[in-house]
$ cat work.cif   # mmCIF, N, CA and C atoms
data_structure
#
loop_
_atom_site.label_atom_id
_atom_site.label_comp_id
_atom_site.auth_asym_id
_atom_site.auth_seq_id
_atom_site.Cartn_x
_atom_site.Cartn_y
_atom_site.Cartn_z
N MET H 1 17.77 6.37 8.60
CA MET H 1 17.44 5.64 7.40
C MET H 1 17.59 6.58 6.20
N VAL H 2 18.34 6.15 5.22
CA VAL H 2 18.52 6.94 4.00
C VAL H 2 17.46 6.48 2.99
N LEU H 3 16.70 7.45 2.47
CA LEU H 3 15.68 7.14 1.48
C LEU H 3 16.16 7.57 0.11
N GLN H 4 15.79 6.78 -0.90
CA GLN H 4 16.08 7.11 -2.28
C GLN H 4 14.79 7.08 -3.07
N ALA H 5 14.70 7.93 -4.05
CA ALA H 5 13.53 7.95 -4.93
C ALA H 5 13.98 7.69 -6.36
N TYR H 6 13.18 6.94 -7.08
CA TYR H 6 13.36 6.75 -8.51
C TYR H 6 12.11 7.30 -9.17
N VAL H 7 12.32 8.33 -9.98
CA VAL H 7 11.21 9.10 -10.55
C VAL H 7 11.40 9.20 -12.06
N ASP H 8 10.29 9.19 -12.77
CA ASP H 8 10.31 9.36 -14.22
C ASP H 8 9.19 10.32 -14.59
N GLU H 9 9.31 10.92 -15.75
CA GLU H 9 8.26 11.83 -16.18
C GLU H 9 7.80 11.45 -17.57
N SER H 10 6.59 11.86 -17.88
CA SER H 10 6.08 11.69 -19.23
C SER H 10 5.18 12.88 -19.55
N GLY H 11 5.02 13.12 -20.81
CA GLY H 11 4.17 14.23 -21.25
C GLY H 11 4.99 15.34 -21.84
N SER H 12 4.77 15.59 -23.11
CA SER H 12 5.44 16.71 -23.77
C SER H 12 4.39 17.72 -24.19
N GLU H 13 4.76 18.97 -24.17
CA GLU H 13 3.80 20.04 -24.42
C GLU H 13 3.12 19.95 -25.77
N ASN H 14 3.80 19.44 -26.77
CA ASN H 14 3.19 19.39 -28.09
C ASN H 14 2.35 18.13 -28.31
N GLN H 15 2.36 17.19 -27.35
CA GLN H 15 1.62 15.94 -27.55
C GLN H 15 0.65 15.60 -26.42
N HIS H 16 0.80 16.22 -25.27
CA HIS H 16 0.00 15.85 -24.10
C HIS H 16 -0.54 17.08 -23.39
N PRO H 17 -1.65 16.93 -22.66
CA PRO H 17 -2.20 18.08 -21.94
C PRO H 17 -1.47 18.39 -20.63
N ALA H 18 -0.63 17.45 -20.16
CA ALA H 18 0.01 17.67 -18.85
C ALA H 18 1.34 16.92 -18.77
N LEU H 19 2.18 17.42 -17.88
CA LEU H 19 3.41 16.72 -17.50
C LEU H 19 3.05 15.87 -16.28
N ILE H 20 3.44 14.63 -16.31
CA ILE H 20 3.22 13.73 -15.18
C ILE H 20 4.58 13.26 -14.70
N MET H 21 4.84 13.43 -13.42
CA MET H 21 6.09 12.97 -12.81
C MET H 21 5.70 12.08 -11.63
N SER H 22 6.22 10.87 -11.62
CA SER H 22 5.88 9.96 -10.53
C SER H 22 7.00 8.95 -10.32
N GLY H 23 6.97 8.32 -9.18
CA GLY H 23 7.97 7.33 -8.87
C GLY H 23 7.77 6.72 -7.49
N TYR H 24 8.78 6.04 -7.05
CA TYR H 24 8.71 5.31 -5.79
C TYR H 24 9.85 5.71 -4.88
N ILE H 25 9.59 5.62 -3.57
CA ILE H 25 10.58 5.92 -2.54
C ILE H 25 10.75 4.68 -1.69
N ALA H 26 12.01 4.37 -1.36
CA ALA H 26 12.31 3.22 -0.50
C ALA H 26 13.63 3.47 0.21
N PRO H 27 13.86 2.74 1.31
CA PRO H 27 15.18 2.81 1.94
C PRO H 27 16.24 2.36 0.93
N ALA H 28 17.40 2.96 1.00
CA ALA H 28 18.47 2.68 0.03
C ALA H 28 18.77 1.19 -0.10
N GLU H 29 18.80 0.49 1.03
CA GLU H 29 19.15 -0.94 0.98
C GLU H 29 18.08 -1.79 0.28
N LYS H 30 16.85 -1.30 0.21
CA LYS H 30 15.78 -2.04 -0.47
C LYS H 30 15.93 -2.01 -1.99
N TRP H 31 16.59 -0.96 -2.52
CA TRP H 31 16.70 -0.84 -3.97
C TRP H 31 17.57 -1.92 -4.58
N ALA H 32 18.60 -2.38 -3.87
CA ALA H 32 19.44 -3.46 -4.40
C ALA H 32 18.62 -4.74 -4.54
N ALA H 33 17.82 -5.05 -3.52
CA ALA H 33 16.97 -6.24 -3.58
C ALA H 33 15.91 -6.08 -4.67
N PHE H 34 15.37 -4.88 -4.80
CA PHE H 34 14.40 -4.60 -5.85
C PHE H 34 15.02 -4.87 -7.22
N SER H 35 16.23 -4.36 -7.43
CA SER H 35 16.91 -4.50 -8.71
C SER H 35 17.11 -5.97 -9.07
N ASP H 36 17.51 -6.77 -8.09
CA ASP H 36 17.70 -8.21 -8.34
C ASP H 36 16.38 -8.89 -8.71
N ALA H 37 15.33 -8.59 -7.97
CA ALA H 37 14.02 -9.20 -8.24
C ALA H 37 13.48 -8.75 -9.59
N TRP H 38 13.63 -7.47 -9.90
CA TRP H 38 13.17 -6.92 -11.18
C TRP H 38 13.91 -7.57 -12.34
N ASP H 39 15.23 -7.68 -12.21
CA ASP H 39 16.06 -8.30 -13.25
C ASP H 39 15.64 -9.75 -13.48
N SER H 40 15.37 -10.48 -12.41
CA SER H 40 14.93 -11.87 -12.54
C SER H 40 13.60 -11.96 -13.28
N ALA H 41 12.70 -11.05 -12.97
CA ALA H 41 11.39 -11.05 -13.64
C ALA H 41 11.53 -10.72 -15.12
N LEU H 42 12.44 -9.82 -15.47
CA LEU H 42 12.64 -9.48 -16.87
C LEU H 42 13.26 -10.64 -17.65
N LYS H 43 14.08 -11.44 -16.99
CA LYS H 43 14.77 -12.55 -17.66
C LYS H 43 13.89 -13.79 -17.84
N MET H 44 12.73 -13.82 -17.17
CA MET H 44 11.83 -14.95 -17.34
C MET H 44 11.42 -15.05 -18.81
N LYS H 45 11.16 -16.26 -19.27
CA LYS H 45 10.73 -16.46 -20.65
C LYS H 45 9.24 -16.18 -20.78
N PRO H 46 8.80 -15.44 -21.77
CA PRO H 46 9.61 -14.67 -22.71
C PRO H 46 10.25 -13.48 -22.00
N SER H 47 11.48 -13.22 -22.36
CA SER H 47 12.25 -12.20 -21.64
C SER H 47 11.97 -10.80 -22.19
N LEU H 48 12.27 -9.83 -21.35
CA LEU H 48 12.17 -8.42 -21.72
C LEU H 48 13.52 -7.77 -21.49
N GLU H 49 13.96 -6.92 -22.40
CA GLU H 49 15.21 -6.19 -22.20
C GLU H 49 15.06 -5.18 -21.07
N SER H 50 13.91 -4.51 -21.05
CA SER H 50 13.58 -3.53 -20.03
C SER H 50 12.06 -3.43 -19.98
N PHE H 51 11.57 -2.72 -18.99
CA PHE H 51 10.12 -2.54 -18.91
C PHE H 51 9.83 -1.23 -18.22
N LYS H 52 8.95 -0.45 -18.84
CA LYS H 52 8.40 0.77 -18.23
C LYS H 52 6.89 0.61 -18.28
N MET H 53 6.21 1.17 -17.31
CA MET H 53 4.75 1.03 -17.27
C MET H 53 4.09 1.56 -18.53
N ASN H 54 4.75 2.49 -19.19
CA ASN H 54 4.22 2.99 -20.45
C ASN H 54 4.08 1.85 -21.47
N ASP H 55 4.95 0.84 -21.37
CA ASP H 55 4.86 -0.32 -22.26
C ASP H 55 3.55 -1.07 -22.06
N ALA H 56 3.01 -1.01 -20.86
CA ALA H 56 1.79 -1.74 -20.55
C ALA H 56 0.56 -1.12 -21.20
N VAL H 57 0.65 0.12 -21.62
CA VAL H 57 -0.51 0.77 -22.24
C VAL H 57 -0.34 1.00 -23.74
N ARG H 58 0.84 0.80 -24.25
CA ARG H 58 1.05 0.93 -25.70
C ARG H 58 0.64 -0.39 -26.35
N LEU H 59 -0.31 -0.31 -27.24
CA LEU H 59 -0.81 -1.54 -27.86
C LEU H 59 0.05 -2.01 -29.02
N LYS H 60 0.96 -1.19 -29.50
CA LYS H 60 1.76 -1.56 -30.66
C LYS H 60 3.20 -1.81 -30.24
N ASN H 61 3.43 -2.84 -29.46
CA ASN H 61 4.79 -3.26 -29.13
C ASN H 61 4.80 -4.77 -28.93
N ASP H 62 5.98 -5.35 -28.85
CA ASP H 62 6.10 -6.80 -28.73
C ASP H 62 5.41 -7.33 -27.48
N PHE H 63 5.43 -6.58 -26.41
CA PHE H 63 4.82 -7.01 -25.16
C PHE H 63 3.35 -7.36 -25.35
N TRP H 64 2.64 -6.60 -26.19
CA TRP H 64 1.22 -6.85 -26.41
C TRP H 64 0.97 -7.98 -27.39
N ARG H 65 2.01 -8.52 -27.99
CA ARG H 65 1.85 -9.70 -28.86
C ARG H 65 1.96 -11.00 -28.07
N TRP H 66 2.32 -10.90 -26.80
CA TRP H 66 2.40 -12.09 -25.94
C TRP H 66 1.01 -12.66 -25.72
N ASP H 67 0.98 -13.91 -25.32
CA ASP H 67 -0.27 -14.52 -24.87
C ASP H 67 -0.80 -13.67 -23.71
N PRO H 68 -2.06 -13.26 -23.74
CA PRO H 68 -2.59 -12.37 -22.69
C PRO H 68 -2.43 -12.94 -21.28
N LYS H 69 -2.55 -14.22 -21.11
CA LYS H 69 -2.40 -14.82 -19.77
C LYS H 69 -0.98 -14.63 -19.25
N ILE H 70 0.02 -14.86 -20.11
CA ILE H 70 1.42 -14.69 -19.72
C ILE H 70 1.72 -13.22 -19.47
N ARG H 71 1.25 -12.36 -20.37
CA ARG H 71 1.49 -10.92 -20.24
C ARG H 71 0.90 -10.38 -18.94
N ASP H 72 -0.34 -10.75 -18.64
CA ASP H 72 -0.99 -10.24 -17.44
C ASP H 72 -0.34 -10.78 -16.17
N GLU H 73 0.13 -12.01 -16.21
CA GLU H 73 0.82 -12.58 -15.04
C GLU H 73 2.14 -11.85 -14.81
N ARG H 74 2.84 -11.51 -15.89
CA ARG H 74 4.10 -10.77 -15.75
C ARG H 74 3.83 -9.38 -15.15
N LEU H 75 2.77 -8.73 -15.60
CA LEU H 75 2.42 -7.43 -15.03
C LEU H 75 2.12 -7.54 -13.54
N ARG H 76 1.41 -8.60 -13.14
CA ARG H 76 1.11 -8.80 -11.72
C ARG H 76 2.40 -9.03 -10.93
N LEU H 77 3.32 -9.81 -11.50
CA LEU H 77 4.60 -10.07 -10.83
C LEU H 77 5.39 -8.77 -10.66
N LEU H 78 5.49 -7.96 -11.70
CA LEU H 78 6.22 -6.70 -11.61
C LEU H 78 5.58 -5.76 -10.59
N ARG H 79 4.26 -5.74 -10.56
CA ARG H 79 3.57 -4.92 -9.56
C ARG H 79 3.88 -5.40 -8.14
N ARG H 80 3.89 -6.72 -7.94
CA ARG H 80 4.21 -7.27 -6.62
C ARG H 80 5.63 -6.92 -6.20
N ILE H 81 6.55 -6.95 -7.13
CA ILE H 81 7.95 -6.60 -6.82
C ILE H 81 8.01 -5.16 -6.33
N ILE H 82 7.31 -4.27 -7.02
CA ILE H 82 7.28 -2.87 -6.58
C ILE H 82 6.65 -2.77 -5.19
N GLN H 83 5.52 -3.40 -4.99
CA GLN H 83 4.83 -3.34 -3.70
C GLN H 83 5.68 -3.90 -2.57
N ASP H 84 6.46 -4.94 -2.85
CA ASP H 84 7.28 -5.57 -1.81
C ASP H 84 8.50 -4.74 -1.44
N HIS H 85 8.94 -3.84 -2.31
CA HIS H 85 10.18 -3.12 -2.06
C HIS H 85 10.02 -1.62 -1.82
N ALA H 86 9.00 -1.01 -2.41
CA ALA H 86 8.84 0.44 -2.27
C ALA H 86 8.11 0.78 -0.97
N LEU H 87 8.54 1.87 -0.38
CA LEU H 87 7.89 2.36 0.83
C LEU H 87 6.63 3.14 0.49
N THR H 88 6.72 3.99 -0.55
CA THR H 88 5.57 4.79 -0.95
C THR H 88 5.72 5.23 -2.40
N TYR H 89 4.66 5.78 -2.90
CA TYR H 89 4.56 6.25 -4.28
C TYR H 89 4.34 7.76 -4.24
N VAL H 90 4.97 8.48 -5.15
CA VAL H 90 4.75 9.92 -5.26
C VAL H 90 4.37 10.25 -6.69
N SER H 91 3.55 11.28 -6.84
CA SER H 91 3.12 11.66 -8.18
C SER H 91 2.72 13.13 -8.21
N CYS H 92 2.92 13.74 -9.35
CA CYS H 92 2.55 15.14 -9.54
C CYS H 92 2.13 15.32 -11.00
N VAL H 93 1.04 16.04 -11.19
CA VAL H 93 0.56 16.36 -12.54
C VAL H 93 0.56 17.87 -12.69
N VAL H 94 1.19 18.35 -13.76
CA VAL H 94 1.22 19.78 -14.04
C VAL H 94 0.54 19.99 -15.40
N PRO H 95 -0.73 20.44 -15.39
CA PRO H 95 -1.41 20.74 -16.66
C PRO H 95 -0.73 21.92 -17.35
N PHE H 96 -0.32 21.73 -18.58
CA PHE H 96 0.42 22.79 -19.28
C PHE H 96 -0.39 24.08 -19.41
N GLU H 97 -1.66 23.98 -19.80
CA GLU H 97 -2.46 25.19 -20.00
C GLU H 97 -2.58 25.99 -18.70
N GLY H 98 -2.92 25.33 -17.62
CA GLY H 98 -3.04 26.00 -16.33
C GLY H 98 -1.72 26.56 -15.85
N PHE H 99 -0.64 25.83 -16.09
CA PHE H 99 0.68 26.29 -15.69
C PHE H 99 1.02 27.62 -16.36
N TYR H 100 0.81 27.69 -17.68
CA TYR H 100 1.18 28.92 -18.39
C TYR H 100 0.23 30.08 -18.09
N LYS H 101 -1.03 29.79 -17.76
CA LYS H 101 -1.93 30.85 -17.32
C LYS H 101 -1.45 31.43 -15.99
N ALA H 102 -1.05 30.55 -15.07
CA ALA H 102 -0.54 31.02 -13.78
C ALA H 102 0.76 31.80 -13.97
N LEU H 103 1.60 31.36 -14.88
CA LEU H 103 2.87 32.03 -15.13
C LEU H 103 2.65 33.45 -15.64
N GLN H 104 1.58 33.67 -16.42
CA GLN H 104 1.27 35.02 -16.90
C GLN H 104 0.97 35.95 -15.73
N VAL H 105 0.32 35.44 -14.71
CA VAL H 105 0.01 36.25 -13.52
C VAL H 105 1.31 36.58 -12.77
N LEU H 106 2.26 35.65 -12.76
CA LEU H 106 3.52 35.84 -12.04
C LEU H 106 4.53 36.65 -12.84
N HIS H 107 4.28 36.87 -14.11
CA HIS H 107 5.23 37.52 -15.00
C HIS H 107 5.75 38.87 -14.47
N PRO H 108 4.91 39.74 -13.93
CA PRO H 108 5.43 41.03 -13.44
C PRO H 108 6.48 40.86 -12.33
N TYR H 109 6.46 39.73 -11.65
CA TYR H 109 7.39 39.51 -10.54
C TYR H 109 8.70 38.85 -11.01
N LYS H 110 8.83 38.68 -12.33
CA LYS H 110 10.04 38.11 -12.93
C LYS H 110 10.33 36.68 -12.42
N ILE H 111 9.29 35.97 -12.11
CA ILE H 111 9.45 34.58 -11.66
C ILE H 111 9.54 33.70 -12.89
N LYS H 112 10.60 32.93 -12.97
CA LYS H 112 10.82 32.05 -14.12
C LYS H 112 10.71 30.61 -13.66
N LEU H 113 9.70 29.94 -14.11
CA LEU H 113 9.48 28.54 -13.75
C LEU H 113 9.24 27.72 -15.01
N LYS H 114 9.58 26.46 -14.93
CA LYS H 114 9.31 25.50 -16.00
C LYS H 114 8.45 24.38 -15.40
N PRO H 115 7.58 23.76 -16.20
CA PRO H 115 6.73 22.69 -15.68
C PRO H 115 7.53 21.57 -14.99
N TYR H 116 8.63 21.15 -15.61
CA TYR H 116 9.45 20.07 -15.06
C TYR H 116 9.99 20.45 -13.68
N GLY H 117 10.51 21.66 -13.55
CA GLY H 117 11.07 22.11 -12.28
C GLY H 117 10.01 22.22 -11.19
N VAL H 118 8.81 22.69 -11.56
CA VAL H 118 7.73 22.79 -10.58
C VAL H 118 7.34 21.40 -10.08
N ALA H 119 7.22 20.45 -10.99
CA ALA H 119 6.86 19.08 -10.59
C ALA H 119 7.92 18.49 -9.68
N LEU H 120 9.18 18.67 -10.03
CA LEU H 120 10.27 18.13 -9.21
C LEU H 120 10.28 18.76 -7.83
N LEU H 121 10.14 20.07 -7.76
CA LEU H 121 10.09 20.75 -6.46
C LEU H 121 8.91 20.27 -5.62
N PHE H 122 7.76 20.09 -6.27
CA PHE H 122 6.59 19.61 -5.56
C PHE H 122 6.85 18.23 -4.97
N LEU H 123 7.43 17.32 -5.76
CA LEU H 123 7.70 15.97 -5.27
C LEU H 123 8.69 15.97 -4.11
N MET H 124 9.61 16.93 -4.13
CA MET H 124 10.61 17.01 -3.07
C MET H 124 10.07 17.72 -1.83
N GLY H 125 8.88 18.29 -1.94
CA GLY H 125 8.31 19.00 -0.80
C GLY H 125 8.89 20.37 -0.60
N ALA H 126 9.56 20.89 -1.62
CA ALA H 126 10.18 22.22 -1.52
C ALA H 126 9.16 23.29 -1.88
N PRO H 127 9.27 24.45 -1.28
CA PRO H 127 8.35 25.53 -1.67
C PRO H 127 8.68 25.99 -3.09
N VAL H 128 7.66 26.22 -3.87
CA VAL H 128 7.83 26.70 -5.24
C VAL H 128 7.84 28.22 -5.18
N SER H 129 9.01 28.81 -5.46
CA SER H 129 9.10 30.28 -5.44
C SER H 129 10.10 30.75 -6.47
#
$ encode --input "work.cif" --output "structure tokens"
Amino acid sequence: MVLQAYVDESGSENQHPALIMSGYIAPAEKWAAFSDAWDSALKMKPSLESFKMNDAVRLKNDFWRWDPKIRDERLRLLRRIIQDHALTYVSCVVPFEGFYKALQVLHPYKIKLKPYGVALLFLMGAPVS
């Protein structure tokens, strides 16, 4: 079975306390069905061009101007689509302050790491070295 992951990150050093990287893993053949179901949900009236979970928490966008009953039902539908198609969820949080404190300790060993790379390696199960 071939597995595929779709992962996104959020959090910038000048605006957030941590980098967050998360996503979903599913068999490759499940992603095509997911894409069709997701596209159908986005095309429902009122339609959405795209949707990221970050849209669900931003209060100043068109999505939050919808009738709350319709908006919440759409969120439930999108969540069900994910649950029906994804095998599992992965997530990693890299606090910027702690990351750079640890990097100072590693500095004599000439280890060069970036928060994004550490999070990606962690999600892949690779040793961070």
$ closest_residue --input "work.cif" --among "H:Leu106, H:Ala28, H:Leu19, H:Pro68" --to "Gln4 (chain H)" --atoms "only N, CA and C atoms"
H:Ala28
$ resolve_selection --input "work.cif" --expression "the PyMOL selection byres (((chain H and resi 79 and name CA) around 12) and name CA)" --output "list in words"
Phe34, Ala37, Trp38, Ala41, Phe51, Lys52, Met53, Ala56, Asp72, Glu73, Arg74, Leu75, Arg76, Leu77, Leu78, Arg80, Ile81, Ile82, Gln83, Asp84, His85 and Ala86 of chain H
$ resolve_selection --input "work.cif" --expression "the PyMOL selection byres (((chain H and resi 46 and name CA) around 10) and name CA)" --output "PyMOL selection string"
chain H and resi 41-45+47-48+63+66+70-71+74
$ closest_residue --input "work.cif" --among "H:His16, H:Leu3, H:Ser10, H:Phe122" --to "Glu97 (chain H)" --atoms "all atoms listed in the file"
H:His16
$ atom_distance --input "work.cif" --atom1 "CA of Glu13 (chain H)" --atom2 "CA of Gly98 (chain H)"
12.2 Å
$ select_by_dssp --input "work.cif" --residues "region 4-116 of chain H" --states "strand (DSSP E)" --output "ChimeraX atom specification"
/H:4-10,18-27,88-95
$ closest_residue --input "work.cif" --among "H:Val7, H:Val2, H:Asp62, H:Tyr116" --to "Val94 (chain H)" --atoms "all atoms listed in the file"
H:Tyr116
$ resolve_selection --input "work.cif" --expression "the PyMOL selection byres ((chain H and resi 9) around 6.5)" --output "PyMOL selection string"
chain H and resi 7-8+10-11+20-22
$ atom_distance --input "work.cif" --atom1 "CA of Tyr24 (chain H)" --atom2 "CA of Lys112 (chain H)"
28.1 Å
$ atom_distance --input "work.cif" --atom1 "atom N of Thr88 (chain H)" --atom2 "atom C of Leu123 (chain H)"
12.7 Å
